file model-v5.pdb (PDB, C-alpha atoms (C1' of nucleotides))
ATOM      1  CA  MET I   1       0.000   0.000   0.000
ATOM      2  CA  GLU I   2       2.255   2.759  -1.186
ATOM      3  CA  ARG I   3       1.291   4.417  -4.408
ATOM      4  CA  SER I   4      -1.638   6.751  -4.692
ATOM      5  CA  THR I   5      -3.751   5.369  -7.476
ATOM      6  CA  ARG I   6      -7.176   6.310  -8.788
ATOM      7  CA  GLN I   7      -8.552   3.110  -7.313
ATOM      8  CA  ARG I   8      -7.229   3.731  -3.816
ATOM      9  CA  ARG I   9      -8.395   7.307  -3.789
ATOM     10  CA  ALA I  10     -11.853   6.203  -4.924
ATOM     11  CA  ILE I  11     -12.083   3.616  -2.151
ATOM     12  CA  ARG I  12     -10.993   6.057   0.548
ATOM     13  CA  GLU I  13     -13.515   8.599  -0.714
ATOM     14  CA  ALA I  14     -16.287   6.018  -0.748
ATOM     15  CA  PHE I  15     -15.932   5.628   3.023
ATOM     16  CA  LEU I  16     -15.752   9.352   3.687
ATOM     17  CA  GLU I  17     -18.816  10.025   1.557
ATOM     18  CA  ALA I  18     -20.886   7.067   2.738
ATOM     19  CA  GLY I  19     -20.496   7.862   6.429
ATOM     20  CA  ARG I  20     -21.411   4.325   7.391
ATOM     21  CA  PRO I  21     -19.752   0.895   7.525
ATOM     22  CA  LEU I  22     -19.351  -0.686   4.092
ATOM     23  CA  SER I  23     -18.966  -4.258   2.958
ATOM     24  CA  PRO I  24     -16.462  -5.095   0.213
ATOM     25  CA  GLN I  25     -19.368  -5.392  -2.237
ATOM     26  CA  GLU I  26     -20.723  -1.983  -1.246
ATOM     27  CA  VAL I  27     -17.268  -0.474  -1.588
ATOM     28  CA  LEU I  28     -17.028  -1.946  -5.068
ATOM     29  CA  GLU I  29     -20.357  -0.473  -6.110
ATOM     30  CA  LEU I  30     -19.670   2.972  -4.703
ATOM     31  CA  ALA I  31     -16.077   3.258  -5.887
ATOM     32  CA  LYS I  32     -17.003   1.915  -9.299
ATOM     33  CA  GLN I  33     -18.927   5.129  -9.898
ATOM     34  CA  LYS I  34     -15.588   6.880  -9.960
ATOM     35  CA  VAL I  35     -13.443   4.143 -11.456
ATOM     36  CA  PRO I  36     -15.731   1.916 -13.523
ATOM     37  CA  SER I  37     -13.031  -0.621 -14.285
ATOM     38  CA  LEU I  38     -12.493  -1.326 -10.572
ATOM     39  CA  GLY I  39     -12.274  -5.020  -9.675
ATOM     40  CA  LEU I  40     -13.233  -6.818  -6.497
ATOM     41  CA  ALA I  41      -9.692  -8.101  -5.971
ATOM     42  CA  THR I  42      -8.431  -4.545  -5.782
ATOM     43  CA  VAL I  43     -11.099  -3.696  -3.247
ATOM     44  CA  TYR I  44     -10.013  -6.541  -0.997
ATOM     45  CA  ARG I  45      -6.340  -5.696  -1.406
ATOM     46  CA  THR I  46      -6.952  -2.053  -0.646
ATOM     47  CA  LEU I  47      -9.196  -2.713   2.347
ATOM     48  CA  LYS I  48      -6.482  -4.900   3.787
ATOM     49  CA  GLY I  49      -3.921  -2.164   3.290
ATOM     50  CA  LEU I  50      -6.141   0.543   4.743
ATOM     51  CA  VAL I  51      -6.698  -1.547   7.847
ATOM     52  CA  GLU I  52      -2.959  -2.096   8.251
ATOM     53  CA  GLU I  53      -2.174   1.572   7.920
ATOM     54  CA  GLY I  54      -4.882   2.393  10.461
ATOM     55  CA  PHE I  55      -7.375   4.210   8.250
ATOM     56  CA  LEU I  56     -10.075   1.535   8.606
ATOM     57  CA  THR I  57     -11.202  -0.977  11.205
ATOM     58  CA  PRO I  58     -13.208  -4.137  10.587
ATOM     59  CA  VAL I  59     -16.797  -4.288  11.842
ATOM     60  CA  ALA I  60     -18.331  -7.692  12.482
ATOM     61  CA  LEU I  61     -22.089  -8.112  12.839
ATOM     62  CA  PRO I  62     -24.010 -11.284  13.690
ATOM     63  CA  GLY I  63     -24.539 -13.427  10.635
ATOM     64  CA  GLU I  64     -23.191 -10.773   8.266
ATOM     65  CA  PRO I  65     -20.073 -10.612   6.125
ATOM     66  CA  SER I  66     -17.466  -8.295   7.589
ATOM     67  CA  ARG I  67     -17.638  -4.580   6.937
ATOM     68  CA  TYR I  68     -15.219  -1.735   7.462
ATOM     69  CA  GLU I  69     -15.440   1.780   8.833
ATOM     70  CA  PRO I  70     -13.003   4.663   9.360
ATOM     71  CA  ALA I  71     -10.869   4.000  12.431
ATOM     72  CA  GLY I  72     -10.486   6.136  15.506
ATOM     73  CA  ARG I  73     -14.116   6.903  16.240
ATOM     74  CA  GLU I  74     -15.549   6.930  19.722
ATOM     75  CA  HIS I  75     -17.044   3.796  21.209
ATOM     76  CA  HIS I  76     -20.325   3.213  19.393
ATOM     77  CA  HIS I  77     -22.617   0.508  18.062
ATOM     78  CA  HIS I  78     -24.458  -0.360  14.888
ATOM     79  CA  PHE I  79     -27.881  -0.455  13.356
ATOM     80  CA  LEU I  80     -28.707  -2.959  10.629
ATOM     81  CA  CYS I  81     -31.707  -2.206   8.432
ATOM     82  CA  ARG I  82     -33.576  -5.439   7.790
ATOM     83  CA  LEU I  83     -34.975  -4.128   4.536
ATOM     84  CA  CYS I  84     -32.085  -2.579   2.639
ATOM     85  CA  GLY I  85     -29.298  -4.346   4.541
ATOM     86  CA  ARG I  86     -27.326  -1.162   5.133
ATOM     87  CA  VAL I  87     -25.516  -0.591   8.419
ATOM     88  CA  PHE I  88     -25.439   2.729  10.279
ATOM     89  CA  GLU I  89     -23.487   4.012  13.223
ATOM     90  CA  LEU I  90     -25.240   4.629  16.523
ATOM     91  CA  SER I  91     -23.538   7.120  18.777
ATOM     92  CA  GLY I  92     -23.176   6.639  22.483
ATOM     93  CA  CYS I  93     -23.545   3.583  24.671
ATOM     94  CA  ASP I  94     -24.998   3.242  28.125
ATOM     95  CA  LEU I  95     -24.541  -0.472  28.452
ATOM     96  CA  THR I  96     -24.064  -1.502  32.056
ATOM     97  CA  LEU I  97     -24.443  -5.183  31.393
ATOM     98  CA  GLU I  98     -20.777  -5.834  31.878
ATOM     99  CA  SER I  99     -21.099  -4.984  35.560
ATOM    100  CA  HIS I 100     -23.500  -7.779  36.426
ATOM    101  CA  LEU I 101     -21.939 -10.749  34.804
ATOM    102  CA  PRO I 102     -22.154 -14.111  36.564
ATOM    103  CA  PRO I 103     -19.303 -14.632  39.061
ATOM    104  CA  GLY I 104     -16.009 -15.606  37.501
ATOM    105  CA  PHE I 105     -16.639 -13.987  34.138
ATOM    106  CA  LEU I 106     -14.273 -11.216  33.086
ATOM    107  CA  ALA I 107     -15.558  -8.707  30.499
ATOM    108  CA  GLU I 108     -13.121  -7.121  28.085
ATOM    109  CA  GLY I 109     -15.495  -5.578  25.553
ATOM    110  CA  HIS I 110     -18.912  -5.793  24.018
ATOM    111  CA  GLU I 111     -20.880  -5.212  20.853
ATOM    112  CA  VAL I 112     -24.452  -4.123  20.394
ATOM    113  CA  THR I 113     -26.414  -4.473  17.181
ATOM    114  CA  VAL I 114     -29.866  -2.982  16.799
ATOM    115  CA  TYR I 115     -32.122  -4.307  14.042
ATOM    116  CA  GLY I 116     -34.991  -2.497  12.383
ATOM    117  CA  ARG I 117     -35.856  -0.048   9.629
ATOM    118  CA  CYS I 118     -33.697   2.837   8.544
ATOM    119  CA  PRO I 119     -35.280   6.203   7.725
ATOM    120  CA  ASP I 120     -35.395   5.389   4.009
ATOM    121  CA  CYS I 121     -37.178   2.077   4.591
ATOM    122  CA  ALA I 122     -39.426   2.889   7.557
TER     123      ALA I 122
ATOM    124  CA  MET W   1     -37.224 -35.862  11.793
ATOM    125  CA  GLU W   2     -39.462 -38.684  12.900
ATOM    126  CA  ARG W   3     -37.684 -41.699  14.255
ATOM    127  CA  SER W   4     -35.939 -41.699  17.587
ATOM    128  CA  THR W   5     -32.421 -42.846  16.885
ATOM    129  CA  ARG W   6     -29.332 -43.085  19.068
ATOM    130  CA  GLN W   7     -27.842 -40.162  17.169
ATOM    131  CA  ARG W   8     -30.762 -37.831  17.676
ATOM    132  CA  ARG W   9     -31.046 -38.643  21.335
ATOM    133  CA  ALA W  10     -27.334 -37.980  21.802
ATOM    134  CA  ILE W  11     -27.582 -34.588  20.089
ATOM    135  CA  ARG W  12     -30.585 -33.499  22.170
ATOM    136  CA  GLU W  13     -28.803 -34.579  25.328
ATOM    137  CA  ALA W  14     -25.669 -32.695  24.350
ATOM    138  CA  PHE W  15     -27.614 -29.427  24.479
ATOM    139  CA  LEU W  16     -29.336 -30.222  27.738
ATOM    140  CA  GLU W  17     -26.064 -31.197  29.381
ATOM    141  CA  ALA W  18     -23.951 -28.375  27.960
ATOM    142  CA  GLY W  19     -26.310 -25.606  29.058
ATOM    143  CA  ARG W  20     -24.808 -23.206  26.547
ATOM    144  CA  PRO W  21     -25.048 -22.499  22.817
ATOM    145  CA  LEU W  22     -23.204 -25.056  20.687
ATOM    146  CA  SER W  23     -21.767 -24.926  17.212
ATOM    147  CA  PRO W  24     -22.214 -27.914  14.885
ATOM    148  CA  GLN W  25     -18.591 -28.879  15.562
ATOM    149  CA  GLU W  26     -19.112 -28.725  19.321
ATOM    150  CA  VAL W  27     -22.266 -30.800  18.990
ATOM    151  CA  LEU W  28     -20.311 -33.376  17.025
ATOM    152  CA  GLU W  29     -17.599 -33.596  19.669
ATOM    153  CA  LEU W  30     -19.994 -33.827  22.592
ATOM    154  CA  ALA W  31     -22.436 -36.253  21.000
ATOM    155  CA  LYS W  32     -19.615 -38.408  19.699
ATOM    156  CA  GLN W  33     -18.851 -39.352  23.287
ATOM    157  CA  LYS W  34     -22.124 -41.239  23.276
ATOM    158  CA  VAL W  35     -22.220 -42.346  19.651
ATOM    159  CA  PRO W  36     -18.614 -42.517  18.415
ATOM    160  CA  SER W  37     -19.582 -43.249  14.825
ATOM    161  CA  LEU W  38     -21.550 -39.989  14.580
ATOM    162  CA  GLY W  39     -20.916 -37.993  11.411
ATOM    163  CA  LEU W  40     -21.052 -34.261  10.788
ATOM    164  CA  ALA W  41     -23.743 -34.638   8.127
ATOM    165  CA  THR W  42     -26.045 -36.188  10.693
ATOM    166  CA  VAL W  43     -25.371 -33.329  13.079
ATOM    167  CA  TYR W  44     -26.395 -30.761  10.474
ATOM    168  CA  ARG W  45     -29.456 -32.748   9.461
ATOM    169  CA  THR W  46     -30.545 -33.163  13.043
ATOM    170  CA  LEU W  47     -29.935 -29.526  13.983
ATOM    171  CA  LYS W  48     -32.098 -28.485  11.066
ATOM    172  CA  GLY W  49     -34.845 -30.824  12.202
ATOM    173  CA  LEU W  50     -34.635 -29.704  15.827
ATOM    174  CA  VAL W  51     -34.964 -26.078  14.745
ATOM    175  CA  GLU W  52     -38.009 -26.899  12.627
ATOM    176  CA  GLU W  53     -39.720 -28.758  15.424
ATOM    177  CA  GLY W  54     -39.023 -25.857  17.794
ATOM    178  CA  PHE W  55     -36.552 -27.503  20.160
ATOM    179  CA  LEU W  56     -33.626 -25.273  19.112
ATOM    180  CA  THR W  57     -33.080 -21.734  17.838
ATOM    181  CA  PRO W  58     -30.084 -20.423  15.907
ATOM    182  CA  VAL W  59     -27.720 -17.995  17.635
ATOM    183  CA  ALA W  60     -25.613 -15.667  15.477
ATOM    184  CA  LEU W  61     -22.583 -13.875  16.918
ATOM    185  CA  PRO W  62     -20.333 -11.355  15.198
ATOM    186  CA  GLY W  63     -17.754 -13.071  13.050
ATOM    187  CA  GLU W  64     -18.653 -16.513  14.355
ATOM    188  CA  PRO W  65     -20.242 -19.528  12.679
ATOM    189  CA  SER W  66     -23.835 -20.016  13.760
ATOM    190  CA  ARG W  67     -24.623 -21.831  16.960
ATOM    191  CA  TYR W  68     -27.801 -23.264  18.429
ATOM    192  CA  GLU W  69     -29.471 -23.216  21.825
ATOM    193  CA  PRO W  70     -32.672 -24.641  23.297
ATOM    194  CA  ALA W  71     -35.639 -22.528  22.220
ATOM    195  CA  GLY W  72     -38.145 -20.727  24.382
ATOM    196  CA  ARG W  73     -35.815 -19.030  26.832
ATOM    197  CA  GLU W  74     -36.315 -15.506  28.054
ATOM    198  CA  HIS W  75     -34.718 -12.596  26.266
ATOM    199  CA  HIS W  76     -31.018 -12.789  26.991
ATOM    200  CA  HIS W  77     -27.584 -12.181  25.496
ATOM    201  CA  HIS W  78     -24.301 -13.981  25.091
ATOM    202  CA  PHE W  79     -20.760 -14.050  26.346
ATOM    203  CA  LEU W  80     -17.948 -15.240  24.107
ATOM    204  CA  CYS W  81     -14.727 -16.366  25.800
ATOM    205  CA  ARG W  82     -11.799 -15.118  23.739
ATOM    206  CA  LEU W  83      -9.590 -17.898  25.010
ATOM    207  CA  CYS W  84     -11.567 -21.101  24.698
ATOM    208  CA  GLY W  85     -14.109 -19.822  22.192
ATOM    209  CA  ARG W  86     -17.076 -21.136  24.130
ATOM    210  CA  VAL W  87     -20.304 -19.135  24.323
ATOM    211  CA  PHE W  88     -22.390 -18.714  27.483
ATOM    212  CA  GLU W  89     -25.814 -17.295  28.160
ATOM    213  CA  LEU W  90     -26.161 -14.027  30.059
ATOM    214  CA  SER W  91     -29.472 -13.530  31.803
ATOM    215  CA  GLY W  92     -31.332 -10.249  31.816
ATOM    216  CA  CYS W  93     -30.997  -7.175  29.681
ATOM    217  CA  ASP W  94     -31.321  -3.539  30.617
ATOM    218  CA  LEU W  95     -30.556  -2.104  27.234
ATOM    219  CA  THR W  96     -32.280   1.214  26.704
ATOM    220  CA  LEU W  97     -30.378   2.085  23.581
ATOM    221  CA  GLU W  98     -33.375   1.466  21.389
ATOM    222  CA  SER W  99     -35.113   4.467  22.884
ATOM    223  CA  HIS W 100     -32.585   7.045  21.739
ATOM    224  CA  LEU W 101     -32.021   6.153  18.155
ATOM    225  CA  PRO W 102     -31.501   8.926  15.641
ATOM    226  CA  PRO W 103     -34.786  10.295  14.256
ATOM    227  CA  GLY W 104     -36.370   8.152  11.592
ATOM    228  CA  PHE W 105     -34.889   4.852  12.743
ATOM    229  CA  LEU W 106     -37.286   2.161  13.874
ATOM    230  CA  ALA W 107     -35.927  -0.519  16.213
ATOM    231  CA  GLU W 108     -37.337  -4.022  16.050
ATOM    232  CA  GLY W 109     -34.796  -5.946  18.097
ATOM    233  CA  HIS W 110     -31.219  -6.051  19.259
ATOM    234  CA  GLU W 111     -28.340  -8.309  20.156
ATOM    235  CA  VAL W 112     -25.601  -7.858  22.703
ATOM    236  CA  THR W 113     -22.389  -9.832  22.783
ATOM    237  CA  VAL W 114     -19.902  -9.485  25.628
ATOM    238  CA  TYR W 115     -16.322 -10.621  25.076
ATOM    239  CA  GLY W 116     -13.838 -11.666  27.729
ATOM    240  CA  ARG W 117     -12.676 -14.603  29.796
ATOM    241  CA  CYS W 118     -14.913 -17.322  31.122
ATOM    242  CA  PRO W 119     -14.394 -18.652  34.675
ATOM    243  CA  ASP W 120     -12.282 -21.555  33.411
ATOM    244  CA  CYS W 121      -9.968 -19.259  31.455
ATOM    245  CA  ALA W 122      -9.822 -16.169  33.701
TER     246      ALA W 122
ATOM    247  C1'  DT F   1       9.510  11.877 -21.021
ATOM    248  C1'  DC F   2      11.503   7.257 -19.855
ATOM    249  C1'  DC F   3      11.394   3.302 -17.313
ATOM    250  C1'  DC F   4      11.270   0.290 -13.211
ATOM    251  C1'  DG F   5       8.473  -1.676 -10.163
ATOM    252  C1'  DC F   6       4.290  -1.633  -7.764
ATOM    253  C1'  DA F   7      -0.785  -1.939  -8.802
ATOM    254  C1'  DT F   8      -4.687  -3.715 -11.332
ATOM    255  C1'  DG F   9      -8.360  -6.853 -13.256
ATOM    256  C1'  DA F  10     -10.166 -11.348 -14.422
ATOM    257  C1'  DA F  11     -10.283 -15.762 -13.435
ATOM    258  C1'  DA F  12      -8.822 -19.533 -10.831
ATOM    259  C1'  DA F  13      -7.957 -21.251  -6.438
ATOM    260  C1'  DC F  14      -8.838 -21.504  -1.545
ATOM    261  C1'  DT F  15     -11.346 -21.493   2.982
ATOM    262  C1'  DT F  16     -14.949 -22.384   5.754
ATOM    263  C1'  DC F  17     -19.285 -23.811   6.449
ATOM    264  C1'  DT F  18     -23.270 -26.468   4.904
ATOM    265  C1'  DT F  19     -25.930 -29.674   2.001
ATOM    266  C1'  DC F  20     -26.380 -33.588  -1.091
ATOM    267  C1'  DT F  21     -25.628 -38.420  -2.740
ATOM    268  C1'  DC F  22     -25.984 -43.126  -2.156
ATOM    269  C1'  DA F  23     -24.807 -47.572  -0.396
ATOM    270  C1'  DA F  24     -25.338 -49.718   3.970
ATOM    271  C1'  DG F  25     -27.420 -49.802   8.611
ATOM    272  C1'  DT F  26     -31.553 -49.108  11.906
ATOM    273  C1'  DT F  27     -36.089 -48.385  13.469
ATOM    274  C1'  DG F  28     -40.572 -49.675  14.469
ATOM    275  C1'  DC F  29     -44.853 -51.718  12.904
ATOM    276  C1'  DT F  30     -46.764 -56.374  12.153
TER     277       DT F  30
ATOM    278  C1'  DA T   1     -38.352 -61.980  13.604
ATOM    279  C1'  DG T   2     -39.382 -59.867   8.898
ATOM    280  C1'  DC T   3     -39.529 -56.032   6.132
ATOM    281  C1'  DA T   4     -40.355 -51.477   4.117
ATOM    282  C1'  DA T   5     -39.032 -47.020   4.950
ATOM    283  C1'  DC T   6     -36.337 -43.906   7.132
ATOM    284  C1'  DT T   7     -31.586 -42.745   8.823
ATOM    285  C1'  DT T   8     -26.740 -42.740   8.778
ATOM    286  C1'  DG T   9     -21.750 -41.878   7.483
ATOM    287  C1'  DA T  10     -18.232 -40.587   4.244
ATOM    288  C1'  DG T  11     -17.103 -38.172   0.715
ATOM    289  C1'  DA T  12     -18.413 -35.273  -3.022
ATOM    290  C1'  DA T  13     -20.521 -31.193  -4.132
ATOM    291  C1'  DG T  14     -22.247 -26.488  -3.251
ATOM    292  C1'  DA T  15     -22.283 -21.681  -1.558
ATOM    293  C1'  DA T  16     -20.197 -17.508  -0.071
ATOM    294  C1'  DG T  17     -16.473 -14.844   0.913
ATOM    295  C1'  DT T  18     -11.613 -13.919   0.313
ATOM    296  C1'  DT T  19      -6.914 -14.534  -1.640
ATOM    297  C1'  DT T  20      -3.720 -15.697  -5.262
ATOM    298  C1'  DT T  21      -1.887 -15.791  -9.961
ATOM    299  C1'  DC T  22      -0.114 -13.528 -13.810
ATOM    300  C1'  DA T  23      -0.116 -10.746 -17.876
ATOM    301  C1'  DT T  24      -0.914  -5.972 -18.587
ATOM    302  C1'  DG T  25      -1.333  -1.126 -16.922
ATOM    303  C1'  DC T  26       0.127   2.973 -14.435
ATOM    304  C1'  DG T  27       2.623   6.110 -10.973
ATOM    305  C1'  DG T  28       6.160   8.875 -10.020
ATOM    306  C1'  DG T  29      11.240   9.599  -9.468
ATOM    307  C1'  DA T  30      15.283  10.548 -12.475
TER     308       DA T  30
END

call {"tool": "encode", "arguments": {"input": "model-v5.pdb", "output": "structure tokens"}}
result
Amino acid sequence: MERSTRQRRAIREAFLEAGRPLSPQEVLELAKQKVPSLGLATVYRTLKGLVEEGFLTPVALPGEPSRYEPAGREHHHHFLCRLCGRVFELSGCDLTLESHLPPGFLAEGHEVTVYGRCPDCA
Amino acid sequence: MERSTRQRRAIREAFLEAGRPLSPQEVLELAKQKVPSLGLATVYRTLKGLVEEGFLTPVALPGEPSRYEPAGREHHHHFLCRLCGRVFELSGCDLTLESHLPPGFLAEGHEVTVYGRCPDCA
DNA sequence: TCCCGCATGAAAACTTCTTCTCAAGTTGCT
DNA sequence: AGCAACTTGAGAAGAAGTTTTCATGCGGGA
């Protein structure tokens, strides 16, 4: 991940413009609007590089293929629209569940996913 | 899913004895202690049948293959041990996140996964 | 502008998980 | 016990996502 190519710029921009976690397929579709010849292999290669250089972090959701979002954001969770399949960021978190775990369990982190309809699909 | 065979009894018992969500592989290992000849294909077939007849429900966790647990339990969430990879049930849920979603979003459900160390691995 | 070397795209290969195929083994009714 | 039908086990096949291969295409320093 060294040179600045049209493809890599398009993929970076796709994340900045989308403002939500994107799957490799979504990245392909969005970035293809700027670089129509873009291939899926390049998307995967670039995502890998952007994670290594700290621009992106992977986002895993239950039963979903992995997505990516810009790194360095505050602790937050995600909303998955059951209709269009898009994922959105939810700000904030008042989860206190970690404090009443059964004895002996040691919490190190948590993830919350809310399911429903996004504004476009509601 | 009609006949009562050694295999199907062993798989049902595995869930009742484990008391936690099991992946197909875990089911195979546990049930094999009772029926050593057990094959993975039978595990998948039986899991499918047990879901259809309402004895089990699927459990999806971020980035994990699907697991199954006895159906009909109260609303609850899950704990994934990062060391041994086993999943445990967490009782209760005081999540209020659904009430302060951004405008336009409609929540229909949620999932919480806590990561850490289980008592055996802590 | 030239040119080396990294990057790209398409297809093949791989992984991981799950389902199907089919010959052989069991179940349960009689 | 006898038998028809259902079930099983092993391996092949399928599905979905991701990585690799390799010939060709570009980026950017000299």

call {"tool": "interface_residues", "arguments": {"input": "model-v5.pdb", "of": "chain T", "to": "chain I", "cutoff": "12 Å", "atoms": "all atoms listed in the file", "output": "PDB file with C-alpha atoms (C1' of nucleotides), in the coordinates of the input"}}
result
ATOM      1  C1'  DA T  16     -20.197 -17.508  -0.071  1.00  0.00           C
ATOM      2  C1'  DG T  17     -16.473 -14.844   0.913  1.00  0.00           C
ATOM      3  C1'  DT T  18     -11.613 -13.919   0.313  1.00  0.00           C
ATOM      4  C1'  DT T  19      -6.914 -14.534  -1.640  1.00  0.00           C
ATOM      5  C1'  DT T  20      -3.720 -15.697  -5.262  1.00  0.00           C
ATOM      6  C1'  DT T  21      -1.887 -15.791  -9.961  1.00  0.00           C
ATOM      7  C1'  DG T  25      -1.333  -1.126 -16.922  1.00  0.00           C
ATOM      8  C1'  DC T  26       0.127   2.973 -14.435  1.00  0.00           C
ATOM      9  C1'  DG T  27       2.623   6.110 -10.973  1.00  0.00           C
ATOM     10  C1'  DG T  28       6.160   8.875 -10.020  1.00  0.00           C
TER      11       DG T  28
END

call {"tool": "closest_atom_pairs", "arguments": {"input": "model-v5.pdb", "of": "chain I", "to": "chain W", "cutoff": "8 Å", "atoms": "only C-alpha atoms", "output": "tab-separated table"}}
result
residue	atom	partner	partner_atom	distance
I:Ala60	CA	W:Pro62	CA	5.0
I:Leu61	CA	W:Pro62	CA	4.4
I:Pro62	CA	W:Pro62	CA	4.0
I:Gly63	CA	W:Ala60	CA	5.4
I:Glu64	CA	W:Pro62	CA	7.5
I:Pro65	CA	W:Gly63	CA	7.7
I:Ser66	CA	W:Gly63	CA	7.3
I:Leu90	CA	W:Leu101	CA	7.1
I:Cys93	CA	W:Leu97	CA	7.1
I:Asp94	CA	W:Leu97	CA	7.1
I:Leu95	CA	W:Leu95	CA	6.4
I:Thr96	CA	W:Asp94	CA	7.7
I:Leu97	CA	W:Cys93	CA	7.1
I:Glu98	CA	W:Val114	CA	7.3
I:Leu101	CA	W:Leu90	CA	7.1
I:Pro102	CA	W:Leu90	CA	7.6
I:Pro103	CA	W:Pro119	CA	7.7
I:Gly104	CA	W:Pro119	CA	4.5
I:Phe105	CA	W:Cys118	CA	4.8
I:Leu106	CA	W:Arg117	CA	5.0
I:Ala107	CA	W:Gly116	CA	4.4
I:Glu108	CA	W:Gly116	CA	4.6
I:Gly109	CA	W:Tyr115	CA	5.1
I:His110	CA	W:Val114	CA	4.1
I:Glu111	CA	W:Thr113	CA	5.2
I:Val112	CA	W:Val112	CA	4.5
I:Thr113	CA	W:Glu111	CA	5.2
I:Val114	CA	W:His110	CA	4.2
I:Tyr115	CA	W:Gly109	CA	5.1
I:Gly116	CA	W:Ala107	CA	4.4
I:Arg117	CA	W:Leu106	CA	5.0
I:Cys118	CA	W:Phe105	CA	4.8
I:Pro119	CA	W:Gly104	CA	4.5
I:Ala122	CA	W:Leu106	CA	6.7

call {"tool": "resolve_selection", "arguments": {"input": "model-v5.pdb", "expression": "the PyMOL selection byres ((chain F) within 9 of (chain W))", "output": "list in words"}}
result
DC17, DT18, DT19, DT26, DT27 and DG28 of chain F

call {"tool": "resolve_selection", "arguments": {"input": "model-v5.pdb", "expression": "the PyMOL selection byres ((chain I and resi 55) around 10)", "output": "VMD selection string"}}
result
chain I and resid 12 47 49 to 54 56 to 57 68 to 72

call {"tool": "write_last_selection", "arguments": {"input": "model-v5.pdb", "atoms": "C-alpha atoms", "output": "compact mmCIF listing (two decimals), keeping the file's coordinate frame"}}
result
# COMPACT_ATOMS: atom_id res chain seq x y z
CA ARG I 12 -10.99 6.06 0.55
CA LEU I 47 -9.20 -2.71 2.35
CA GLY I 49 -3.92 -2.16 3.29
CA LEU I 50 -6.14 0.54 4.74
CA VAL I 51 -6.70 -1.55 7.85
CA GLU I 52 -2.96 -2.10 8.25
CA GLU I 53 -2.17 1.57 7.92
CA GLY I 54 -4.88 2.39 10.46
CA LEU I 56 -10.07 1.54 8.61
CA THR I 57 -11.20 -0.98 11.20
CA TYR I 68 -15.22 -1.74 7.46
CA GLU I 69 -15.44 1.78 8.83
CA PRO I 70 -13.00 4.66 9.36
CA ALA I 71 -10.87 4.00 12.43
CA GLY I 72 -10.49 6.14 15.51

call {"tool": "atom_distance", "arguments": {"input": "model-v5.pdb", "atom1": "CA of His75 (chain I)", "atom2": "CA of Ser23 (chain I)"}}
result
20.0 Å

call {"tool": "closest_residue", "arguments": {"input": "model-v5.pdb", "among": "W:Arg73, W:Glu17, W:Pro58, W:Ile11", "to": "Val35 (chain W)", "atoms": "all atoms listed in the file"}}
result
W:Ile11

call {"tool": "atom_distance", "arguments": {"input": "model-v5.pdb", "atom1": "CA of Leu22 (chain W)", "atom2": "C1' of DG25 (chain F)"}}
result
27.9 Å

call {"tool": "resolve_selection", "arguments": {"input": "model-v5.pdb", "expression": "the PyMOL selection byres ((chain F and resi 20) around 9)", "output": "list in words"}}
result
DT19 and DT21 of chain F; DA12, DA13 and DG14 of chain T

call {"tool": "atom_distance", "arguments": {"input": "model-v5.pdb", "atom1": "CA of Glu2 (chain I)", "atom2": "C1' of DA11 (chain F)"}}
result
25.5 Å

call {"tool": "residues_near_point", "arguments": {"input": "model-v5.pdb", "point": "(-16.6, -23.8, 20.9)", "cutoff": "8 Å", "atoms": "all atoms listed in the file", "output": "PyMOL selection string"}}
result
chain W and resi 22-23+25-26+84-87

call {"tool": "write_last_selection", "arguments": {"input": "model-v5.pdb", "atoms": "C-alpha atoms", "output": "short mmCIF file (atom, residue, chain, number, x, y, z; two decimals), in the frame of the given file"}}
result
data_model
loop_
_atom_site.label_atom_id
_atom_site.label_comp_id
_atom_site.auth_asym_id
_atom_site.auth_seq_id
_atom_site.Cartn_x
_atom_site.Cartn_y
_atom_site.Cartn_z
CA LEU W 22 -23.20 -25.06 20.69
CA SER W 23 -21.77 -24.93 17.21
CA GLN W 25 -18.59 -28.88 15.56
CA GLU W 26 -19.11 -28.72 19.32
CA CYS W 84 -11.57 -21.10 24.70
CA GLY W 85 -14.11 -19.82 22.19
CA ARG W 86 -17.08 -21.14 24.13
CA VAL W 87 -20.30 -19.14 24.32
#

call {"tool": "decode", "arguments": {"input": "model-v5.pdb", "residues": "region 4-20 of chain T", "atoms": "C-alpha atoms (C1' of nucleotides)", "output": "PDB file, in the first residue's frame"}}
result
ATOM      1  C1'  DA T   4     -40.355 -51.477   4.117  1.00  0.00           C
ATOM      2  C1'  DA T   5     -39.032 -47.020   4.950  1.00  0.00           C
ATOM      3  C1'  DC T   6     -36.337 -43.906   7.132  1.00  0.00           C
ATOM      4  C1'  DT T   7     -31.586 -42.745   8.823  1.00  0.00           C
ATOM      5  C1'  DT T   8     -26.740 -42.740   8.778  1.00  0.00           C
ATOM      6  C1'  DG T   9     -21.750 -41.878   7.483  1.00  0.00           C
ATOM      7  C1'  DA T  10     -18.232 -40.587   4.244  1.00  0.00           C
ATOM      8  C1'  DG T  11     -17.103 -38.172   0.715  1.00  0.00           C
ATOM      9  C1'  DA T  12     -18.413 -35.273  -3.022  1.00  0.00           C
ATOM     10  C1'  DA T  13     -20.521 -31.193  -4.132  1.00  0.00           C
ATOM     11  C1'  DG T  14     -22.247 -26.488  -3.251  1.00  0.00           C
ATOM     12  C1'  DA T  15     -22.283 -21.681  -1.558  1.00  0.00           C
ATOM     13  C1'  DA T  16     -20.197 -17.508  -0.071  1.00  0.00           C
ATOM     14  C1'  DG T  17     -16.473 -14.844   0.913  1.00  0.00           C
ATOM     15  C1'  DT T  18     -11.613 -13.919   0.313  1.00  0.00           C
ATOM     16  C1'  DT T  19      -6.914 -14.534  -1.640  1.00  0.00           C
ATOM     17  C1'  DT T  20      -3.720 -15.697  -5.262  1.00  0.00           C
TER      18       DT T  20
END
